[in-house]
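Pasted below: data.csv, CSV, N, CA and C atoms.
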chain,number,residue,atom,x,y,z
N,1,MET,N,98.6,113.5,119.1
N,1,MET,CA,99.2,114.7,118.6
N,1,MET,C,98.3,115.3,117.6
N,2,ASN,N,98.0,116.5,117.7
N,2,ASN,CA,97.1,117.2,116.8
N,2,ASN,C,97.9,117.9,115.7
N,3,ILE,N,97.6,117.4,114.5
N,3,ILE,CA,98.3,117.9,113.3
N,3,ILE,C,97.3,118.5,112.3
N,4,ASN,N,97.6,119.6,111.8
N,4,ASN,CA,96.7,120.2,110.8
N,4,ASN,C,97.3,119.8,109.4
N,5,TYR,N,96.4,119.1,108.6
N,5,TYR,CA,96.8,118.7,107.3
N,5,TYR,C,96.3,119.6,106.3
N,6,ASP,N,97.1,120.0,105.3
N,6,ASP,CA,96.7,120.8,104.2
N,6,ASP,C,96.1,119.9,103.1
N,7,ARG,N,94.8,119.6,103.2
N,7,ARG,CA,94.2,118.7,102.4
N,7,ARG,C,94.3,119.0,100.9
N,8,GLU,N,94.2,120.3,100.6
N,8,GLU,CA,94.3,120.7,99.2
N,8,GLU,C,95.7,120.4,98.6
N,9,GLN,N,96.7,120.7,99.4
N,9,GLN,CA,98.1,120.5,98.9
N,9,GLN,C,98.3,119.0,98.8
N,10,MET,N,97.9,118.2,99.8
N,10,MET,CA,98.0,116.7,99.7
N,10,MET,C,97.3,116.2,98.5
N,11,ALA,N,96.1,116.7,98.3
N,11,ALA,CA,95.3,116.2,97.1
N,11,ALA,C,96.1,116.4,95.8
N,12,THR,N,96.7,117.6,95.7
N,12,THR,CA,97.5,117.9,94.5
N,12,THR,C,98.7,116.9,94.4
N,13,VAL,N,99.4,116.7,95.4
N,13,VAL,CA,100.6,115.8,95.4
N,13,VAL,C,100.1,114.4,95.1
N,14,PHE,N,99.0,113.9,95.7
N,14,PHE,CA,98.6,112.6,95.5
N,14,PHE,C,98.0,112.4,94.1
N,15,ARG,N,97.4,113.4,93.6
N,15,ARG,CA,96.9,113.3,92.2
N,15,ARG,C,98.0,113.3,91.2
N,16,ASN,N,99.1,114.1,91.5
N,16,ASN,CA,100.3,114.0,90.6
N,16,ASN,C,100.9,112.7,90.7
N,17,PHE,N,101.0,112.1,91.9
N,17,PHE,CA,101.6,110.8,92.0
N,17,PHE,C,100.8,109.7,91.2
N,18,TYR,N,99.5,109.8,91.4
N,18,TYR,CA,98.6,108.8,90.6
N,18,TYR,C,98.8,109.0,89.1
N,19,ASN,N,98.8,110.3,88.6
N,19,ASN,CA,98.9,110.5,87.2
N,19,ASN,C,100.3,110.1,86.7
N,20,ALA,N,101.3,110.2,87.5
N,20,ALA,CA,102.7,109.8,87.1
N,20,ALA,C,102.9,108.2,87.1
N,21,THR,N,102.2,107.6,88.1
N,21,THR,CA,102.5,106.1,88.2
N,21,THR,C,101.3,105.2,87.9
N,22,GLY,N,100.1,105.8,88.0
N,22,GLY,CA,98.9,104.9,87.9
N,22,GLY,C,98.6,104.1,89.1
N,23,ILE,N,99.3,104.4,90.2
N,23,ILE,CA,99.1,103.7,91.5
N,23,ILE,C,98.2,104.5,92.4
N,24,SER,N,97.2,103.9,92.9
N,24,SER,CA,96.3,104.6,93.9
N,24,SER,C,97.0,104.9,95.2
N,25,ILE,N,96.8,106.1,95.7
N,25,ILE,CA,97.5,106.5,97.0
N,25,ILE,C,96.5,107.3,97.8
N,26,GLN,N,96.4,107.0,99.1
N,26,GLN,CA,95.6,107.6,100.1
N,26,GLN,C,96.4,107.9,101.3
N,27,PHE,N,95.9,108.9,102.1
N,27,PHE,CA,96.5,109.1,103.5
N,27,PHE,C,95.3,108.9,104.5
N,28,PHE,N,95.6,108.2,105.5
N,28,PHE,CA,94.7,108.1,106.6
N,28,PHE,C,95.4,108.5,107.9
N,29,ASP,N,94.7,109.2,108.8
N,29,ASP,CA,95.3,109.6,110.1
N,29,ASP,C,95.3,108.4,111.0
N,30,GLU,N,95.8,108.6,112.2
N,30,GLU,CA,96.0,107.5,113.2
N,30,GLU,C,94.6,106.8,113.5
N,31,ASN,N,93.5,107.6,113.3
N,31,ASN,CA,92.2,107.0,113.6
N,31,ASN,C,91.5,106.5,112.4
N,32,LEU,N,92.3,106.3,111.3
N,32,LEU,CA,91.9,105.7,110.0
N,32,LEU,C,90.8,106.6,109.3
N,33,ARG,N,90.9,107.9,109.5
N,33,ARG,CA,90.1,108.8,108.7
N,33,ARG,C,90.9,109.2,107.5
N,34,SER,N,90.2,109.2,106.4
N,34,SER,CA,90.9,109.5,105.1
N,34,SER,C,90.9,111.0,105.0
N,35,TYR,N,92.1,111.6,104.7
N,35,TYR,CA,92.3,113.0,104.5
N,35,TYR,C,92.4,113.4,103.0
N,36,VAL,N,92.8,112.5,102.2
N,36,VAL,CA,92.8,112.7,100.8
N,36,VAL,C,92.1,111.6,100.1
N,37,PHE,N,91.0,111.9,99.5
N,37,PHE,CA,90.2,110.9,98.9
N,37,PHE,C,90.9,110.4,97.6
N,38,ASP,N,90.6,109.1,97.4
N,38,ASP,CA,91.2,108.4,96.3
N,38,ASP,C,91.0,109.1,95.0
N,39,VAL,N,92.0,109.1,94.2
N,39,VAL,CA,91.8,109.7,92.8
N,39,VAL,C,90.8,109.0,92.0
N,40,ALA,N,90.8,107.7,92.0
N,40,ALA,CA,89.8,106.9,91.2
N,40,ALA,C,89.9,105.4,91.5
N,41,HIS,N,88.8,104.8,91.5
N,41,HIS,CA,88.9,103.3,91.5
N,41,HIS,C,89.1,102.8,90.1
N,42,ASN,N,89.9,101.7,90.0
N,42,ASN,CA,90.0,101.2,88.6
N,42,ASN,C,88.7,100.4,88.3
N,43,ARG,N,88.6,100.1,87.0
N,43,ARG,CA,87.3,99.4,86.6
N,43,ARG,C,87.1,98.1,87.3
N,44,TYR,N,88.2,97.4,87.6
N,44,TYR,CA,88.1,96.1,88.3
N,44,TYR,C,87.5,96.3,89.7
N,45,CYS,N,88.0,97.3,90.4
N,45,CYS,CA,87.5,97.6,91.8
N,45,CYS,C,86.1,98.1,91.8
N,46,ASN,N,85.8,98.9,90.7
N,46,ASN,CA,84.4,99.3,90.6
N,46,ASN,C,83.4,98.2,90.5
N,47,GLU,N,83.8,97.2,89.7
N,47,GLU,CA,82.9,96.0,89.6
N,47,GLU,C,82.8,95.2,90.9
N,48,VAL,N,83.9,95.1,91.6
N,48,VAL,CA,83.9,94.4,92.9
N,48,VAL,C,83.0,95.1,93.9
N,49,HIS,N,83.1,96.5,93.9
N,49,HIS,CA,82.3,97.3,94.8
N,49,HIS,C,80.8,97.3,94.5
N,50,ARG,N,80.5,97.0,93.3
N,50,ARG,CA,79.0,97.0,92.9
N,50,ARG,C,78.2,96.0,93.7
N,51,ALA,N,78.8,94.9,94.1
N,51,ALA,CA,78.1,94.0,94.9
N,51,ALA,C,78.4,94.3,96.4
N,52,ALA,N,77.3,94.2,97.2
N,52,ALA,CA,77.5,94.5,98.6
N,52,ALA,C,78.5,93.7,99.3
N,53,VAL,N,78.5,92.4,98.9
N,53,VAL,CA,79.5,91.5,99.5
N,53,VAL,C,80.9,91.9,99.1
N,54,GLY,N,81.1,92.3,97.9
N,54,GLY,CA,82.4,92.8,97.4
N,54,GLY,C,82.9,94.0,98.2
N,55,LYS,N,82.1,94.9,98.4
N,55,LYS,CA,82.4,96.2,99.1
N,55,LYS,C,82.8,95.8,100.6
N,56,HIS,N,82.0,95.0,101.2
N,56,HIS,CA,82.2,94.6,102.6
N,56,HIS,C,83.5,93.8,102.7
N,57,THR,N,83.8,92.9,101.8
N,57,THR,CA,85.0,92.1,101.8
N,57,THR,C,86.2,93.0,101.6
N,58,CYS,N,86.1,94.0,100.8
N,58,CYS,CA,87.1,95.0,100.5
N,58,CYS,C,87.5,95.7,101.8
N,59,ARG,N,86.4,96.2,102.5
N,59,ARG,CA,86.7,96.9,103.8
N,59,ARG,C,87.4,96.0,104.8
N,60,GLU,N,86.9,94.7,104.9
N,60,GLU,CA,87.6,93.8,105.8
N,60,GLU,C,89.0,93.5,105.4
N,61,SER,N,89.3,93.5,104.1
N,61,SER,CA,90.7,93.3,103.7
N,61,SER,C,91.5,94.5,104.1
N,62,ASP,N,91.0,95.7,103.9
N,62,ASP,CA,91.7,96.9,104.2
N,62,ASP,C,91.9,96.9,105.8
N,63,LYS,N,90.9,96.5,106.5
N,63,LYS,CA,91.1,96.5,108.0
N,63,LYS,C,92.2,95.6,108.4
N,64,ALA,N,92.3,94.4,107.8
N,64,ALA,CA,93.4,93.5,108.1
N,64,ALA,C,94.8,94.1,107.8
N,65,LEU,N,94.8,94.8,106.7
N,65,LEU,CA,96.1,95.5,106.3
N,65,LEU,C,96.5,96.5,107.4
N,66,PHE,N,95.5,97.4,107.7
N,66,PHE,CA,95.8,98.4,108.8
N,66,PHE,C,96.2,97.8,110.1
N,67,ASP,N,95.5,96.7,110.5
N,67,ASP,CA,95.8,96.1,111.8
N,67,ASP,C,97.2,95.6,111.8
N,68,GLU,N,97.6,94.9,110.7
N,68,GLU,CA,99.0,94.4,110.7
N,68,GLU,C,100.0,95.6,110.8
N,69,CYS,N,99.8,96.6,110.0
N,69,CYS,CA,100.7,97.8,110.0
N,69,CYS,C,100.7,98.5,111.4
N,70,ARG,N,99.6,98.6,112.0
N,70,ARG,CA,99.5,99.2,113.4
N,70,ARG,C,100.2,98.3,114.4
N,71,ARG,N,100.0,97.0,114.3
N,71,ARG,CA,100.6,96.1,115.3
N,71,ARG,C,102.2,96.1,115.1
N,72,THR,N,102.7,96.1,113.9
N,72,THR,CA,104.1,95.9,113.7
N,72,THR,C,104.9,97.3,113.6
N,73,LYS,N,104.1,98.3,113.3
N,73,LYS,CA,104.7,99.7,113.0
N,73,LYS,C,105.7,99.6,111.9
N,74,LYS,N,105.4,98.7,110.9
N,74,LYS,CA,106.2,98.6,109.8
N,74,LYS,C,105.3,98.5,108.5
N,75,THR,N,105.9,98.7,107.4
N,75,THR,CA,105.2,98.6,106.1
N,75,THR,C,104.6,97.2,106.0
N,76,ALA,N,103.3,97.1,105.7
N,76,ALA,CA,102.6,95.9,105.5
N,76,ALA,C,102.2,95.8,104.0
N,77,ILE,N,102.4,94.6,103.5
N,77,ILE,CA,102.0,94.3,102.1
N,77,ILE,C,101.1,93.1,102.1
N,78,HIS,N,100.0,93.1,101.3
N,78,HIS,CA,99.2,91.9,101.2
N,78,HIS,C,98.5,91.9,99.9
N,79,ILE,N,97.9,90.7,99.6
N,79,ILE,CA,97.1,90.5,98.4
N,79,ILE,C,95.7,90.6,98.9
N,80,CYS,N,94.9,91.6,98.4
N,80,CYS,CA,93.5,91.8,98.8
N,80,CYS,C,92.7,90.6,98.4
N,81,HIS,N,91.5,90.6,98.9
N,81,HIS,CA,90.5,89.5,98.5
N,81,HIS,C,90.3,89.3,97.0
N,82,ALA,N,90.5,90.4,96.3
N,82,ALA,CA,90.2,90.4,94.9
N,82,ALA,C,91.5,90.2,94.1
N,83,GLY,N,92.6,89.9,94.8
N,83,GLY,CA,93.8,89.5,94.1
N,83,GLY,C,94.8,90.6,93.7
N,84,LEU,N,94.5,91.8,94.2
N,84,LEU,CA,95.4,93.0,94.0
N,84,LEU,C,96.4,93.2,95.2
N,85,VAL,N,97.5,93.8,94.9
N,85,VAL,CA,98.5,94.1,95.9
N,85,VAL,C,98.1,95.5,96.6
N,86,ASP,N,98.1,95.5,97.9
N,86,ASP,CA,97.9,96.7,98.7
N,86,ASP,C,99.1,96.9,99.6
N,87,ILE,N,99.5,98.1,99.9
N,87,ILE,CA,100.7,98.4,100.8
N,87,ILE,C,100.2,99.5,101.8
N,88,ALA,N,100.5,99.3,103.0
N,88,ALA,CA,100.3,100.3,104.1
N,88,ALA,C,101.6,100.7,104.7
N,89,ILE,N,101.9,102.0,104.7
N,89,ILE,CA,103.1,102.5,105.2
N,89,ILE,C,102.8,103.4,106.4
N,90,PRO,N,103.3,103.0,107.6
N,90,PRO,CA,103.0,103.9,108.8
N,90,PRO,C,103.9,105.1,108.7
N,91,ILE,N,103.4,106.2,109.2
N,91,ILE,CA,104.1,107.5,109.3
N,91,ILE,C,104.3,107.6,110.8
N,92,LEU,N,105.6,107.5,111.2
N,92,LEU,CA,106.0,107.4,112.6
N,92,LEU,C,106.6,108.7,113.1
N,93,TYR,N,106.4,109.1,114.4
N,93,TYR,CA,107.1,110.2,115.0
N,93,TYR,C,107.3,109.8,116.5
N,94,ASP,N,108.5,109.7,116.9
N,94,ASP,CA,108.8,109.3,118.3
N,94,ASP,C,108.1,108.0,118.6
N,95,GLY,N,108.1,107.1,117.7
N,95,GLY,CA,107.5,105.8,118.0
N,95,GLY,C,106.0,105.7,117.9
N,96,ALA,N,105.3,106.8,117.7
N,96,ALA,CA,103.8,106.9,117.6
N,96,ALA,C,103.5,107.0,116.1
N,97,ILE,N,102.4,106.3,115.8
N,97,ILE,CA,101.9,106.3,114.4
N,97,ILE,C,101.0,107.6,114.2
N,98,LEU,N,101.4,108.5,113.3
N,98,LEU,CA,100.7,109.7,113.0
N,98,LEU,C,99.6,109.4,111.9
N,99,GLY,N,99.9,108.4,111.1
N,99,GLY,CA,99.0,108.2,110.0
N,99,GLY,C,99.6,107.1,109.1
N,100,TYR,N,98.9,106.9,108.0
N,100,TYR,CA,99.3,105.8,107.1
N,100,TYR,C,99.2,106.3,105.6
N,101,LEU,N,100.2,105.9,104.8
N,101,LEU,CA,100.0,106.0,103.4
N,101,LEU,C,99.6,104.7,102.8
N,102,ILE,N,98.6,104.6,102.0
N,102,ILE,CA,98.1,103.4,101.4
N,102,ILE,C,98.3,103.5,99.9
N,103,LEU,N,99.1,102.5,99.4
N,103,LEU,CA,99.3,102.4,98.0
N,103,LEU,C,98.6,101.1,97.5
N,104,GLY,N,97.9,101.1,96.4
N,104,GLY,CA,97.3,99.9,96.1
N,104,GLY,C,96.6,99.7,94.8
N,105,ARG,N,95.9,98.6,94.7
N,105,ARG,CA,95.2,98.2,93.5
N,105,ARG,C,96.2,97.9,92.4
N,106,MET,N,97.3,97.3,92.8
N,106,MET,CA,98.3,96.9,91.8
N,106,MET,C,98.2,95.4,91.4
N,107,LYS,N,98.4,95.1,90.2
N,107,LYS,CA,98.4,93.7,89.7
N,107,LYS,C,99.6,93.0,90.2
N,108,ARG,N,99.5,91.7,90.5
N,108,ARG,CA,100.6,90.9,90.9
N,108,ARG,C,101.4,90.5,89.7
N,109,ASP,N,102.7,90.3,89.8
N,109,ASP,CA,103.6,89.9,88.7
N,109,ASP,C,103.9,88.4,88.7
N,110,ASP,N,102.9,87.6,89.1
N,110,ASP,CA,103.2,86.2,89.0
N,110,ASP,C,102.4,85.4,88.1
structure tokens encoding of this file:
Amino acid sequence: MNINYDREQMATVFRNFYNATGISIQFFDENLRSYVFDVAHNRYCNEVHRAAVGKHTCRESDKALFDECRRTKKTAIHICHAGLVDIAIPILYDGAILGYLILGRMKRDD
């Protein structure tokens, strides 16, 4: 399905969501292309990404989250390799995944 996304409007909504909650939010289409770039990495994630292995492991962690969400077509929650909570929410239409909302970089409450 070909959908035209209003990137500017989405960026405004996502920025407002981040400012109100402090929770990172991104949108990815069904091919995992990001349409709204992340508002900001937190300092912890910036440090993890400074090392090549950290950045690579982060991508692998994100891939595992997307794979689970795609396979089940349900919200997937996991603890990333760096110990933070990430959530992938599929956006469905007639059983097909149009994209994903990703919420993340949240500290665990345990």
message = List the spatial neighbours of Phe28 of chain N as an NGL selection string - criterion: any atom at most 6.5 Å away, only N, CA and C atoms, same-chain residues fewer than 5 positions off excluded.
response = :N and (33-36 or 98-102)
task = From the DSSP assignment of the backbone, select every residue of chain N that is helix (DSSP H, G or I), and format the answer as number ranges by chain.
result = N: 7-21, 43-50, 52-72
Write to file, as a CSV table (one decimal), keeping the file's coordinate frame, the residues of the selection just made, with N, CA and C atoms.
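File selection-v5.csv, as written:
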chain,number,residue,atom,x,y,z
N,7,ARG,N,94.8,119.6,103.2
N,7,ARG,CA,94.2,118.7,102.4
N,7,ARG,C,94.3,119.0,100.9
N,8,GLU,N,94.2,120.3,100.6
N,8,GLU,CA,94.3,120.7,99.2
N,8,GLU,C,95.7,120.4,98.6
N,9,GLN,N,96.7,120.7,99.4
N,9,GLN,CA,98.1,120.5,98.9
N,9,GLN,C,98.3,119.0,98.8
N,10,MET,N,97.9,118.2,99.8
N,10,MET,CA,98.0,116.7,99.7
N,10,MET,C,97.3,116.2,98.5
N,11,ALA,N,96.1,116.7,98.3
N,11,ALA,CA,95.3,116.2,97.1
N,11,ALA,C,96.1,116.4,95.8
N,12,THR,N,96.7,117.6,95.7
N,12,THR,CA,97.5,117.9,94.5
N,12,THR,C,98.7,116.9,94.4
N,13,VAL,N,99.4,116.7,95.4
N,13,VAL,CA,100.6,115.8,95.4
N,13,VAL,C,100.1,114.4,95.1
N,14,PHE,N,99.0,113.9,95.7
N,14,PHE,CA,98.6,112.6,95.5
N,14,PHE,C,98.0,112.4,94.1
N,15,ARG,N,97.4,113.4,93.6
N,15,ARG,CA,96.9,113.3,92.2
N,15,ARG,C,98.0,113.3,91.2
N,16,ASN,N,99.1,114.1,91.5
N,16,ASN,CA,100.3,114.0,90.6
N,16,ASN,C,100.9,112.7,90.7
N,17,PHE,N,101.0,112.1,91.9
N,17,PHE,CA,101.6,110.8,92.0
N,17,PHE,C,100.8,109.7,91.2
N,18,TYR,N,99.5,109.8,91.4
N,18,TYR,CA,98.6,108.8,90.6
N,18,TYR,C,98.8,109.0,89.1
N,19,ASN,N,98.8,110.3,88.6
N,19,ASN,CA,98.9,110.5,87.2
N,19,ASN,C,100.3,110.1,86.7
N,20,ALA,N,101.3,110.2,87.5
N,20,ALA,CA,102.7,109.8,87.1
N,20,ALA,C,102.9,108.2,87.1
N,21,THR,N,102.2,107.6,88.1
N,21,THR,CA,102.5,106.1,88.2
N,21,THR,C,101.3,105.2,87.9
N,43,ARG,N,88.6,100.1,87.0
N,43,ARG,CA,87.3,99.4,86.6
N,43,ARG,C,87.1,98.1,87.3
N,44,TYR,N,88.2,97.4,87.6
N,44,TYR,CA,88.1,96.1,88.3
N,44,TYR,C,87.5,96.3,89.7
N,45,CYS,N,88.0,97.3,90.4
N,45,CYS,CA,87.5,97.6,91.8
N,45,CYS,C,86.1,98.1,91.8
N,46,ASN,N,85.8,98.9,90.7
N,46,ASN,CA,84.4,99.3,90.6
N,46,ASN,C,83.4,98.2,90.5
N,47,GLU,N,83.8,97.2,89.7
N,47,GLU,CA,82.9,96.0,89.6
N,47,GLU,C,82.8,95.2,90.9
N,48,VAL,N,83.9,95.1,91.6
N,48,VAL,CA,83.9,94.4,92.9
N,48,VAL,C,83.0,95.1,93.9
N,49,HIS,N,83.1,96.5,93.9
N,49,HIS,CA,82.3,97.3,94.8
N,49,HIS,C,80.8,97.3,94.5
N,50,ARG,N,80.5,97.0,93.3
N,50,ARG,CA,79.0,97.0,92.9
N,50,ARG,C,78.2,96.0,93.7
N,52,ALA,N,77.3,94.2,97.2
N,52,ALA,CA,77.5,94.5,98.6
N,52,ALA,C,78.5,93.7,99.3
N,53,VAL,N,78.5,92.4,98.9
N,53,VAL,CA,79.5,91.5,99.5
N,53,VAL,C,80.9,91.9,99.1
N,54,GLY,N,81.1,92.3,97.9
N,54,GLY,CA,82.4,92.8,97.4
N,54,GLY,C,82.9,94.0,98.2
N,55,LYS,N,82.1,94.9,98.4
N,55,LYS,CA,82.4,96.2,99.1
N,55,LYS,C,82.8,95.8,100.6
N,56,HIS,N,82.0,95.0,101.2
N,56,HIS,CA,82.2,94.6,102.6
N,56,HIS,C,83.5,93.8,102.7
N,57,THR,N,83.8,92.9,101.8
N,57,THR,CA,85.0,92.1,101.8
N,57,THR,C,86.2,93.0,101.6
N,58,CYS,N,86.1,94.0,100.8
N,58,CYS,CA,87.1,95.0,100.5
N,58,CYS,C,87.5,95.7,101.8
N,59,ARG,N,86.4,96.2,102.5
N,59,ARG,CA,86.7,96.9,103.8
N,59,ARG,C,87.4,96.0,104.8
N,60,GLU,N,86.9,94.7,104.9
N,60,GLU,CA,87.6,93.8,105.8
N,60,GLU,C,89.0,93.5,105.4
N,61,SER,N,89.3,93.5,104.1
N,61,SER,CA,90.7,93.3,103.7
N,61,SER,C,91.5,94.5,104.1
N,62,ASP,N,91.0,95.7,103.9
N,62,ASP,CA,91.7,96.9,104.2
N,62,ASP,C,91.9,96.9,105.8
N,63,LYS,N,90.9,96.5,106.5
N,63,LYS,CA,91.1,96.5,108.0
N,63,LYS,C,92.2,95.6,108.4
N,64,ALA,N,92.3,94.4,107.8
N,64,ALA,CA,93.4,93.5,108.1
N,64,ALA,C,94.8,94.1,107.8
N,65,LEU,N,94.8,94.8,106.7
N,65,LEU,CA,96.1,95.5,106.3
N,65,LEU,C,96.5,96.5,107.4
N,66,PHE,N,95.5,97.4,107.7
N,66,PHE,CA,95.8,98.4,108.8
N,66,PHE,C,96.2,97.8,110.1
N,67,ASP,N,95.5,96.7,110.5
N,67,ASP,CA,95.8,96.1,111.8
N,67,ASP,C,97.2,95.6,111.8
N,68,GLU,N,97.6,94.9,110.7
N,68,GLU,CA,99.0,94.4,110.7
N,68,GLU,C,100.0,95.6,110.8
N,69,CYS,N,99.8,96.6,110.0
N,69,CYS,CA,100.7,97.8,110.0
N,69,CYS,C,100.7,98.5,111.4
N,70,ARG,N,99.6,98.6,112.0
N,70,ARG,CA,99.5,99.2,113.4
N,70,ARG,C,100.2,98.3,114.4
N,71,ARG,N,100.0,97.0,114.3
N,71,ARG,CA,100.6,96.1,115.3
N,71,ARG,C,102.2,96.1,115.1
N,72,THR,N,102.7,96.1,113.9
N,72,THR,CA,104.1,95.9,113.7
N,72,THR,C,104.9,97.3,113.6
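Using only C-alpha atoms, the residues found no farther than 6 Å from segment 50-61 of chain N, other than those of its own chain fewer than 3 positions away, are Glu47, Ala64 and Cys80 of chain N.
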inquiry  = Just the number, please: distance in Å from atom C of Met10 of chain N to atom C of Ile23 of chain N, one decimal.
reply    = 13.2 Å
task = From the DSSP assignment of the backbone, select every residue of chain N that is strand (DSSP E), and format the answer as an MDAnalysis selection string.
result = chainID N and resid 24:29 34:36 76:79 85:93 96:106
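Across the structure, atom C of Asn16 of chain N and atom CA of Lys73 of chain N are spaced 26.1 Å apart.
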query = Which polymer residues have any atom within 6.5 Å of an atom of Asp86 of chain N, counting all atoms listed in the file, with same-chain residues fewer than 5 positions away left out, as a list in words?
reply =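 Listed by chain and then number, they are Ala76, Ile77, His78, Ile79, Cys80, Leu103, Gly104, Arg105 and Met106 of chain N.
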remark   = Correct to one decimal, the distance atom CA of Val85 of chain N-atom CA of Thr21 of chain N is 14.8 Å
